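Here's entry_21.cif, which has mmCIF, C-alpha atoms:
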```
data_query
loop_
_atom_site.group_PDB
_atom_site.id
_atom_site.type_symbol
_atom_site.label_atom_id
_atom_site.label_comp_id
_atom_site.auth_asym_id
_atom_site.auth_seq_id
_atom_site.Cartn_x
_atom_site.Cartn_y
_atom_site.Cartn_z
ATOM 1 C CA MET A 1 130.632 138.486 4.373
ATOM 2 C CA ALA A 2 127.720 139.366 2.071
ATOM 3 C CA ALA A 3 127.821 135.942 0.443
ATOM 4 C CA SER A 4 127.968 134.258 3.860
ATOM 5 C CA LEU A 5 125.023 136.317 5.090
ATOM 6 C CA SER A 6 123.016 135.509 1.972
ATOM 7 C CA ARG A 7 123.577 131.789 2.501
ATOM 8 C CA GLU A 8 122.633 132.116 6.173
ATOM 9 C CA LEU A 9 119.413 133.977 5.427
ATOM 10 C CA SER A 10 118.581 131.568 2.614
ATOM 11 C CA GLN A 11 118.840 128.634 5.009
ATOM 12 C CA ILE A 12 116.591 130.434 7.492
ATOM 13 C CA VAL A 13 113.964 131.345 4.905
ATOM 14 C CA VAL A 14 113.617 127.792 3.555
ATOM 15 C CA SER A 15 113.234 126.370 7.059
ATOM 16 C CA ASN A 16 109.733 125.011 7.686
ATOM 17 C CA GLU A 17 109.881 126.137 11.306
ATOM 18 C CA PHE A 18 110.791 129.664 10.264
ATOM 19 C CA ARG A 19 107.896 129.775 7.821
ATOM 20 C CA LYS A 20 105.511 128.673 10.558
ATOM 21 C CA SER A 21 106.992 131.277 12.895
ATOM 22 C CA LEU A 22 106.574 133.925 10.217
ATOM 23 C CA ILE A 23 102.888 133.039 9.862
ATOM 24 C CA ILE A 24 102.520 133.203 13.647
ATOM 25 C CA SER A 25 104.210 136.613 13.692
ATOM 26 C CA GLN A 26 101.763 137.951 11.133
ATOM 27 C CA GLY A 27 98.807 136.555 13.036
ATOM 28 C CA LEU A 28 100.031 138.252 16.205
ATOM 29 C CA ALA A 29 100.658 141.488 14.309
ATOM 30 C CA LEU A 30 97.048 141.440 13.149
ATOM 31 C CA PHE A 31 95.825 140.560 16.657
ATOM 32 C CA TRP A 32 97.730 143.367 18.385
ATOM 33 C CA TRP A 33 96.690 145.812 15.649
ATOM 34 C CA LEU A 34 93.048 144.954 16.305
ATOM 35 C CA VAL A 35 93.608 145.411 20.047
ATOM 36 C CA ALA A 36 95.257 148.780 19.425
ATOM 37 C CA LEU A 37 92.428 149.755 17.074
ATOM 38 C CA TRP A 38 89.936 148.992 19.856
ATOM 39 C CA PHE A 39 91.930 151.046 22.364
ATOM 40 C CA ARG A 40 92.065 153.886 19.864
ATOM 41 C CA GLY A 41 88.284 153.818 19.611
ATOM 42 C CA THR A 42 87.935 154.240 23.381
ATOM 43 C CA ASN A 43 89.959 157.505 23.399
ATOM 44 C CA LEU A 44 91.172 156.601 26.890
ATOM 45 C CA ILE A 45 94.882 156.417 26.101
ATOM 46 C CA PRO A 46 96.992 157.776 23.221
ATOM 47 C CA VAL A 47 97.320 155.280 20.368
ATOM 48 C CA TRP A 48 99.547 155.674 17.297
ATOM 49 C CA TYR A 49 100.391 159.256 18.285
ATOM 50 C CA ASP A 50 103.923 159.171 16.849
ATOM 51 C CA GLN A 51 102.680 157.615 13.629
ATOM 52 C CA ARG A 52 99.927 160.215 13.284
ATOM 53 C CA VAL A 53 101.990 163.337 13.981
ATOM 54 C CA THR A 54 105.475 162.258 12.900
ATOM 55 C CA PHE A 55 106.165 159.121 10.905
ATOM 56 C CA THR A 56 103.343 159.412 8.389
ATOM 57 C CA GLN A 57 103.837 163.181 8.167
ATOM 58 C CA ALA A 58 107.622 163.476 7.768
ATOM 59 C CA PRO A 59 107.546 162.092 4.187
ATOM 60 C CA LEU A 60 105.194 164.951 3.292
ATOM 61 C CA HIS A 61 108.015 167.321 4.326
ATOM 62 C CA LEU A 62 110.878 165.663 2.464
ATOM 63 C CA VAL A 63 112.636 168.956 1.762
ATOM 64 C CA ASN A 64 112.832 169.658 5.494
ATOM 65 C CA PRO A 65 111.455 166.909 7.761
ATOM 66 C CA TYR A 66 112.244 169.116 10.778
ATOM 67 C CA GLU A 67 109.398 171.439 9.951
ATOM 68 C CA ILE A 68 107.555 169.007 12.198
ATOM 69 C CA TYR A 69 108.669 167.300 15.407
ATOM 70 C CA PHE A 70 111.097 164.701 14.000
ATOM 71 C CA VAL A 71 113.817 163.006 16.064
ATOM 72 C CA ASN A 72 115.375 160.766 13.428
ATOM 73 C CA PRO A 73 117.877 161.292 10.602
ATOM 74 C CA PRO A 74 116.206 162.812 7.535
ATOM 75 C CA TRP A 75 116.629 159.792 5.280
ATOM 76 C CA ALA A 76 114.169 157.960 7.516
ATOM 77 C CA ALA A 77 111.463 159.940 5.730
ATOM 78 C CA LEU A 78 112.407 158.212 2.468
ATOM 79 C CA PHE A 79 111.751 154.764 3.938
ATOM 80 C CA LEU A 80 108.429 155.981 5.355
ATOM 81 C CA LEU A 81 107.185 157.595 2.152
ATOM 82 C CA PRO A 82 104.934 154.677 1.059
ATOM 83 C CA PHE A 83 103.099 154.761 4.394
ATOM 84 C CA ALA A 84 102.343 158.482 4.139
ATOM 85 C CA LEU A 85 100.121 157.705 1.153
ATOM 86 C CA LEU A 86 97.907 155.298 3.110
ATOM 87 C CA PRO A 87 95.207 155.730 5.764
ATOM 88 C CA LEU A 88 96.756 155.772 9.226
ATOM 89 C CA ASP A 89 95.336 152.443 10.391
ATOM 90 C CA ILE A 90 96.538 150.626 7.248
ATOM 91 C CA ALA A 91 99.958 152.278 7.453
ATOM 92 C CA VAL A 92 100.323 151.087 11.053
ATOM 93 C CA LEU A 93 99.158 147.551 10.217
ATOM 94 C CA LEU A 94 101.701 147.202 7.413
ATOM 95 C CA GLN A 95 104.555 148.551 9.538
ATOM 96 C CA LEU A 96 103.619 146.323 12.465
ATOM 97 C CA ALA A 97 103.515 143.298 10.158
ATOM 98 C CA LEU A 98 106.939 144.262 8.781
ATOM 99 C CA TYR A 99 108.301 144.760 12.284
ATOM 100 C CA PHE A 100 107.173 141.355 13.522
ATOM 101 C CA ALA A 101 108.374 139.614 10.347
ATOM 102 C CA ILE A 102 111.801 141.292 10.492
ATOM 103 C CA LEU A 103 112.119 140.573 14.217
ATOM 104 C CA THR A 104 111.277 136.927 13.570
ATOM 105 C CA ALA A 105 114.065 136.763 10.986
ATOM 106 C CA VAL A 106 116.476 138.423 13.434
ATOM 107 C CA ILE A 107 115.557 135.908 16.143
ATOM 108 C CA TYR A 108 116.300 132.995 13.818
ATOM 109 C CA LYS A 109 119.495 134.614 12.562
ATOM 110 C CA PHE A 110 120.767 134.737 16.138
ATOM 111 C CA LYS A 111 119.861 131.074 16.789
ATOM 112 C CA GLY A 112 116.420 131.568 18.281
ATOM 113 C CA ASN A 113 113.373 129.452 17.585
ATOM 114 C CA GLN A 114 109.587 129.464 17.535
ATOM 115 C CA ARG A 115 109.339 129.575 21.338
ATOM 116 C CA ILE A 116 111.351 132.798 21.415
ATOM 117 C CA VAL A 117 109.176 134.306 18.688
ATOM 118 C CA LEU A 118 106.071 133.477 20.727
ATOM 119 C CA LEU A 119 107.632 134.744 23.962
ATOM 120 C CA ALA A 120 108.621 138.072 22.396
ATOM 121 C CA LEU A 121 105.509 138.734 20.345
ATOM 122 C CA THR A 122 103.066 137.891 23.131
ATOM 123 C CA SER A 123 104.884 140.100 25.642
ATOM 124 C CA PHE A 124 103.620 143.362 27.084
ATOM 125 C CA ILE A 125 106.348 145.089 25.058
ATOM 126 C CA ALA A 126 104.824 143.747 21.827
ATOM 127 C CA PHE A 127 101.455 145.067 22.985
ATOM 128 C CA ASP A 128 103.007 148.453 23.779
ATOM 129 C CA SER A 129 104.707 148.463 20.374
ATOM 130 C CA ALA A 130 101.311 148.041 18.733
ATOM 131 C CA LEU A 131 99.873 150.929 20.748
ATOM 132 C CA GLU A 132 102.719 153.316 19.934
ATOM 133 C CA LEU A 133 104.469 151.909 16.895
ATOM 134 C CA ASN A 134 107.836 153.496 16.253
ATOM 135 C CA ILE A 135 110.446 152.742 13.583
ATOM 136 C CA ASP A 136 112.436 150.083 15.428
ATOM 137 C CA TRP A 137 111.614 147.821 12.487
ATOM 138 C CA LEU A 138 114.012 149.818 10.315
ATOM 139 C CA ALA A 139 116.822 149.443 12.855
ATOM 140 C CA CYS A 140 116.105 145.704 13.080
ATOM 141 C CA LEU A 141 116.351 145.532 9.301
ATOM 142 C CA GLY A 142 119.909 146.793 9.721
ATOM 143 C CA LEU A 143 120.698 143.499 11.466
ATOM 144 C CA LEU A 144 119.707 141.515 8.376
ATOM 145 C CA VAL A 145 121.633 143.369 5.672
ATOM 146 C CA PRO A 146 125.377 142.844 5.065
ATOM 147 C CA ALA A 147 127.509 144.543 7.743
ATOM 148 C CA MET A 148 128.847 147.093 5.276
ATOM 149 C CA TRP A 149 125.362 148.510 4.630
ATOM 150 C CA SER A 150 124.040 148.289 8.182
ATOM 151 C CA GLY A 151 124.921 151.808 9.335
ATOM 152 C CA PRO A 152 122.307 153.887 7.461
ATOM 153 C CA LEU A 153 119.565 151.665 8.888
ATOM 154 C CA LEU A 154 120.954 151.295 12.409
ATOM 155 C CA LEU A 155 121.459 155.064 12.658
ATOM 156 C CA LEU A 156 117.768 155.676 12.005
ATOM 157 C CA LYS A 157 117.249 154.689 15.636
ATOM 158 C CA PRO A 158 120.733 154.183 17.106
ATOM 159 C CA GLN A 159 119.589 153.231 20.617
ATOM 160 C CA THR A 160 117.979 150.066 19.244
ATOM 161 C CA ALA A 161 120.869 148.027 17.852
ATOM 162 C CA LEU A 162 123.895 150.143 16.916
ATOM 163 C CA GLY A 163 125.876 148.209 19.526
ATOM 164 C CA VAL A 164 126.049 145.287 17.107
ATOM 165 C CA TRP A 165 129.060 147.057 15.596
ATOM 166 C CA LEU A 166 131.075 145.864 18.609
ATOM 167 C CA SER A 167 130.829 142.347 17.203
ATOM 168 C CA PHE A 168 132.010 143.214 13.682
ATOM 169 C CA LYS A 169 135.372 142.180 12.338
ATOM 170 C CA THR A 170 137.697 145.142 11.820
ATOM 171 C CA ARG A 171 137.311 145.106 8.041
ATOM 172 C CA ASP A 172 133.515 145.001 8.248
ATOM 173 C CA LEU A 173 133.448 147.735 10.886
ATOM 174 C CA VAL A 174 135.654 150.044 8.815
ATOM 175 C CA ARG A 175 133.458 149.517 5.765
ATOM 176 C CA ALA A 176 130.302 150.115 7.784
ATOM 177 C CA ILE A 177 131.708 153.357 9.200
ATOM 178 C CA ILE A 178 132.784 154.559 5.751
ATOM 179 C CA VAL A 179 129.363 153.892 4.230
ATOM 180 C CA SER A 180 127.681 155.611 7.194
ATOM 181 C CA LEU A 181 129.929 158.667 6.874
ATOM 182 C CA VAL A 182 129.193 158.910 3.152
ATOM 183 C CA VAL A 183 125.446 158.808 3.859
ATOM 184 C CA LEU A 184 125.840 161.426 6.602
ATOM 185 C CA LEU A 185 127.800 163.747 4.309
ATOM 186 C CA LEU A 186 125.291 163.321 1.494
ATOM 187 C CA SER A 187 122.466 164.064 3.903
ATOM 188 C CA LEU A 188 124.152 167.312 4.965
ATOM 189 C CA VAL A 189 124.430 168.296 1.320
ATOM 190 C CA ILE A 190 120.799 167.441 0.596
ATOM 191 C CA TRP A 191 119.115 168.619 3.812
ATOM 192 C CA GLY A 192 121.628 171.140 5.136
ATOM 193 C CA ASN A 193 122.369 171.365 8.861
ATOM 194 C CA TRP A 194 119.723 168.954 10.135
ATOM 195 C CA ILE A 195 121.777 167.962 13.194
ATOM 196 C CA THR A 196 120.990 171.144 15.157
ATOM 197 C CA PRO A 197 117.177 170.827 15.027
ATOM 198 C CA LEU A 198 117.491 167.083 15.643
ATOM 199 C CA LEU A 199 119.492 167.638 18.829
ATOM 200 C CA TYR A 200 117.017 170.275 19.968
ATOM 201 C CA TYR A 201 114.055 167.953 19.489
ATOM 202 C CA MET A 202 115.915 165.100 21.189
ATOM 203 C CA SER A 203 116.744 167.196 24.260
ATOM 204 C CA SER A 204 113.154 168.364 24.625
ATOM 205 C CA GLN A 205 111.900 164.784 24.197
ATOM 206 C CA MET A 206 114.177 163.452 26.933
ATOM 207 C CA GLN A 207 112.987 166.147 29.338
ATOM 208 C CA ARG A 208 109.272 165.551 28.965
ATOM 209 C CA GLU A 209 108.830 161.833 28.271
ATOM 210 C CA TYR A 210 109.223 158.760 30.442
ATOM 211 C CA ASN A 211 112.721 157.374 30.001
ATOM 212 C CA ILE A 212 113.715 153.849 31.098
ATOM 213 C CA ALA A 213 117.292 153.855 29.817
ATOM 214 C CA PRO A 214 119.688 152.440 32.457
ATOM 215 C CA LEU A 215 121.559 155.756 32.342
ATOM 216 C CA SER A 216 118.446 157.459 33.702
ATOM 217 C CA LEU A 217 117.545 154.758 36.244
ATOM 218 C CA MET A 218 120.909 154.176 37.943
ATOM 219 C CA PRO A 219 124.038 156.215 38.655
ATOM 220 C CA VAL A 220 125.729 157.062 35.385
ATOM 221 C CA PRO A 221 129.126 155.540 36.342
ATOM 222 C CA VAL A 222 127.415 152.260 37.266
ATOM 223 C CA SER A 223 125.536 152.055 33.964
ATOM 224 C CA LEU A 224 128.661 152.902 31.972
ATOM 225 C CA ALA A 225 130.723 150.369 33.925
ATOM 226 C CA ILE A 226 128.208 147.588 33.279
ATOM 227 C CA GLY A 227 128.059 148.538 29.611
ATOM 228 C CA ALA A 228 131.853 148.611 29.368
ATOM 229 C CA VAL A 229 132.242 145.148 30.898
ATOM 230 C CA LEU A 230 129.536 143.624 28.718
ATOM 231 C CA GLY A 231 130.826 145.487 25.682
ATOM 232 C CA TRP A 232 134.377 144.227 26.216
ATOM 233 C CA MET A 233 133.109 140.674 26.567
ATOM 234 C CA ALA A 234 131.030 141.082 23.403
ATOM 235 C CA PHE A 235 134.002 142.515 21.512
ATOM 236 C CA ARG A 236 136.310 139.708 22.600
ATOM 237 C CA ARG A 237 133.756 137.037 21.674
ATOM 238 C CA ARG A 238 132.446 138.806 18.555
ATOM 239 C CA ASP A 239 129.027 138.254 20.083
ATOM 240 C CA PRO A 240 126.276 140.326 18.371
ATOM 241 C CA VAL A 241 123.607 139.488 20.950
ATOM 242 C CA LEU A 242 125.758 140.586 23.886
ATOM 243 C CA SER A 243 126.866 143.652 21.906
ATOM 244 C CA ILE A 244 123.287 144.855 21.467
ATOM 245 C CA LEU A 245 122.473 144.209 25.125
ATOM 246 C CA ALA A 246 125.641 146.017 26.274
ATOM 247 C CA TRP A 247 124.694 149.029 24.170
ATOM 248 C CA LEU A 248 121.569 149.585 26.279
ATOM 249 C CA PHE A 249 123.765 150.781 29.148
ATOM 250 C CA PHE A 250 125.259 153.571 27.010
ATOM 251 C CA VAL A 251 122.176 155.082 25.378
ATOM 252 C CA PRO A 252 120.677 158.133 27.126
ATOM 253 C CA TYR A 253 117.066 157.534 26.173
ATOM 254 C CA ILE A 254 114.812 154.551 25.503
ATOM 255 C CA LYS A 255 111.131 153.695 25.947
ATOM 256 C CA ILE A 256 109.421 150.390 26.693
ATOM 257 C CA TYR A 257 108.365 149.685 23.110
ATOM 258 C CA SER A 258 111.995 149.782 21.985
ATOM 259 C CA LEU A 259 112.902 146.892 24.286
ATOM 260 C CA LEU A 260 111.239 144.228 22.147
ATOM 261 C CA LEU A 261 114.480 143.373 20.331
ATOM 262 C CA PRO A 262 116.557 143.211 23.566
ATOM 263 C CA LEU A 263 113.895 141.016 25.189
ATOM 264 C CA ALA A 264 113.943 138.640 22.225
ATOM 265 C CA LEU A 265 117.742 138.437 22.107
ATOM 266 C CA PHE A 266 118.078 138.029 25.870
ATOM 267 C CA SER A 267 115.468 135.260 25.771
ATOM 268 C CA ILE A 268 117.474 133.375 23.146
ATOM 269 C CA ARG A 269 120.284 133.008 25.690
ATOM 270 C CA TYR A 270 118.166 132.818 28.847
ATOM 271 C CA PRO A 271 114.643 131.708 27.860
ATOM 272 C CA ARG A 272 113.402 131.028 31.400
ATOM 273 C CA ILE A 273 114.515 134.426 32.655
ATOM 274 C CA GLY A 274 113.044 136.022 29.541
ATOM 275 C CA LEU A 275 109.720 134.327 30.275
ATOM 276 C CA LEU A 276 109.893 135.525 33.880
ATOM 277 C CA ILE A 277 110.575 139.099 32.730
ATOM 278 C CA SER A 278 107.639 138.955 30.319
ATOM 279 C CA THR A 279 105.334 137.558 32.998
ATOM 280 C CA VAL A 280 106.340 140.197 35.551
ATOM 281 C CA MET A 281 105.835 142.981 32.998
ATOM 282 C CA TRP A 282 102.327 141.723 32.255
ATOM 283 C CA LEU A 283 101.552 141.589 35.974
ATOM 284 C CA VAL A 284 102.916 145.077 36.646
ATOM 285 C CA TYR A 285 102.018 147.073 33.540
ATOM 286 C CA GLY A 286 98.978 145.019 32.645
ATOM 287 C CA GLY A 287 97.728 145.416 36.204
ATOM 288 C CA VAL A 288 98.211 149.184 36.074
ATOM 289 C CA LEU A 289 96.355 149.338 32.776
ATOM 290 C CA ALA A 290 93.509 147.196 34.127
ATOM 291 C CA ARG A 291 93.167 149.382 37.225
ATOM 292 C CA TYR A 292 93.122 152.468 35.038
ATOM 293 C CA PHE A 293 90.214 151.132 33.026
ATOM 294 C CA LEU A 294 88.319 149.891 36.092
ATOM 295 C CA HIS A 295 88.540 153.313 37.737
ATOM 296 C CA PHE A 296 87.969 155.404 34.648
#
```
Show the structure stored in the file as structure tokens.
Amino acid sequence: MAASLSRELSQIVVSNEFRKSLIISQGLALFWWLVALWFRGTNLIPVWYDQRVTFTQAPLHLVNPYEIYFVNPPWAALFLLPFALLPLDIAVLLQLALYFAILTAVIYKFKGNQRIVLLALTSFIAFDSALELNIDWLACLGLLVPAMWSGPLLLLKPQTALGVWLSFKTRDLVRAIIVSLVVLLLSLVIWGNWITPLLYYMSSQMQREYNIAPLSLMPVPVSLAIGAVLGWMAFRRRDPVLSILAWLFFVPYIKIYSLLLPLALFSIRYPRIGLLISTVMWLVYGGVLARYFLHF
């Protein structure tokens, strides 16, 4: 599996189209960062709040990341350590560039192309990701590593892409679960009972923040039924794209900026519908934002 994945990624990386798409992704990362920087200067809407109070601060509390408001497993702080040493705006720029580069690689891995990269990274969701950058880039990275090692990355933000496990072969799934359990046990030894404060922070977050998870927008049985049908189809077909999309109907909490990966993957299969979704989101959310500024 690892050897097969290495060959697959090698073929993607040497592709001229992929290289061009990667350059485009970095240009768009810089563009959206500049837009977010301008919005931050206006002080009209919150920009980079999570990065400022959580993701660049947690590495400064490595012994106990839950001394601050932290809703991710504690080993996330290790991955974020380099960014805690940088000015906030530079830390965000580097993470956004990583996010767009990793997402571009994921798109190509799942048979996407330059049009899908452009569709995803010019969407309102990409804009929202730049305004409130989270750590979805780490979860996306879990889609590029060998299946066995995917768990510790996917679990950093499980609502993003943990559903890909539905597409794994039994041997790969067992290995992924074992590695994940080992990491979980080691984390309990190192950080103690971090699960209790994590669950507390998660419950308070879900109560006070806008949640667009299907479980919160439709009757729970309906969401679970849709997820079960899609999940069964994904399992039977060993389809990673459908697996990730099915998973959305099981997670209890998700925000708009975390839908960039699902939009990209959905657009690979249904590009015209993906373009329609992106256009409608710009009309709706972009219109609301424009009205807000006009009436401020």
Taking (102.5, 145.8, 32.6) in the file's coordinates, which residues come within 12 Å, counting all atoms listed in the file, written as a short mmCIF file (atom, residue, chain, number, x, y, z; two decimals) with C-alpha atoms, in the coordinates of the input?
```
data_model
loop_
_atom_site.label_atom_id
_atom_site.label_comp_id
_atom_site.auth_asym_id
_atom_site.auth_seq_id
_atom_site.Cartn_x
_atom_site.Cartn_y
_atom_site.Cartn_z
CA SER A 123 104.88 140.10 25.64
CA PHE A 124 103.62 143.36 27.08
CA ILE A 125 106.35 145.09 25.06
CA ALA A 126 104.82 143.75 21.83
CA PHE A 127 101.46 145.07 22.98
CA ASP A 128 103.01 148.45 23.78
CA ILE A 256 109.42 150.39 26.69
CA TYR A 257 108.36 149.68 23.11
CA ILE A 277 110.58 139.10 32.73
CA SER A 278 107.64 138.96 30.32
CA THR A 279 105.33 137.56 33.00
CA VAL A 280 106.34 140.20 35.55
CA MET A 281 105.84 142.98 33.00
CA TRP A 282 102.33 141.72 32.26
CA LEU A 283 101.55 141.59 35.97
CA VAL A 284 102.92 145.08 36.65
CA TYR A 285 102.02 147.07 33.54
CA GLY A 286 98.98 145.02 32.65
CA GLY A 287 97.73 145.42 36.20
CA VAL A 288 98.21 149.18 36.07
CA LEU A 289 96.36 149.34 32.78
CA ALA A 290 93.51 147.20 34.13
CA ARG A 291 93.17 149.38 37.22
CA TYR A 292 93.12 152.47 35.04
#
```
Exercise. Mind pulling up the distance from CA of Gln26 in chain A to CA of Arg52 in chain A?
Worked result: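 That distance, rounded to one decimal, is 22.4 Å.
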Taken to one decimal, the CA of Met148 in chain A-CA of Leu173 in chain A distance is 7.3 Å
Convert the output of the PyMOL selection byres ((chain A and resi 158) around 12) on the shown file into explicit residues, formatted as JSON, numbers by chain.
{"A": [71, 72, 73, 135, 136, 138, 139, 140, 142, 150, 151, 152, 153, 154, 155, 156, 157, 159, 160, 161, 162, 163, 164, 165, 244, 247, 248, 250, 251, 252, 253, 254, 258]}
Of A:Tyr99, A:Trp32, A:Tyr210, A:Phe235, the one nearest to Leu166 in chain A when counting all atoms listed in the file is A:Phe235
| A:Leu85, A:Leu144, A:Ile177, A:Val222: which is nearest Thr104 in chain A, counting all atoms listed in the file? |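 Among A:Leu85, A:Leu144, A:Ile177, A:Val222, it is A:Leu144 that comes nearest to Thr104 in chain A.
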What lies within 12 Å of Leu93 in chain A using only C-alpha atoms, ignoring chain neighbours under 5 positions off, as number ranges by chain? A: 26-37, 48, 51, 83, 86-88, 98-100, 129-133
Using only C-alpha atoms, the shortest atom-to-atom distance to Trp194 in chain A among A:Gly227, A:Pro74, A:Trp137, A:Val92 belongs to A:Pro74
Take the PyMOL selection byres ((chain A and resi 169) around 12), run it mentally on this structure, and tell me the resulting residues as a PyMOL selection string. chain A and resi 1+147-148+164-168+170-176+234-240
Quick one: write out the picked residues with C-alpha atoms as a CSV table (one decimal), in the frame of the given file?
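File selection-v6.csv, as written:
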```
chain,number,residue,atom,x,y,z
A,1,MET,CA,130.6,138.5,4.4
A,147,ALA,CA,127.5,144.5,7.7
A,148,MET,CA,128.8,147.1,5.3
A,164,VAL,CA,126.0,145.3,17.1
A,165,TRP,CA,129.1,147.1,15.6
A,166,LEU,CA,131.1,145.9,18.6
A,167,SER,CA,130.8,142.3,17.2
A,168,PHE,CA,132.0,143.2,13.7
A,170,THR,CA,137.7,145.1,11.8
A,171,ARG,CA,137.3,145.1,8.0
A,172,ASP,CA,133.5,145.0,8.2
A,173,LEU,CA,133.4,147.7,10.9
A,174,VAL,CA,135.7,150.0,8.8
A,175,ARG,CA,133.5,149.5,5.8
A,176,ALA,CA,130.3,150.1,7.8
A,234,ALA,CA,131.0,141.1,23.4
A,235,PHE,CA,134.0,142.5,21.5
A,236,ARG,CA,136.3,139.7,22.6
A,237,ARG,CA,133.8,137.0,21.7
A,238,ARG,CA,132.4,138.8,18.6
A,239,ASP,CA,129.0,138.3,20.1
A,240,PRO,CA,126.3,140.3,18.4
```
Length of the CA of Met218 in chain A to CA of Ala246 in chain A vector [Å]: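 Separation between CA of Met218 in chain A and CA of Ala246 in chain A: 15.0 Å.
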I need the residue set behind the PyMOL selection byres ((chain A and resi 64-70) around 9) for this file; please write it as an MDAnalysis selection string.
chainID A and resid 53:55 57:63 71:74 77 191:192 194 197:198 201:202
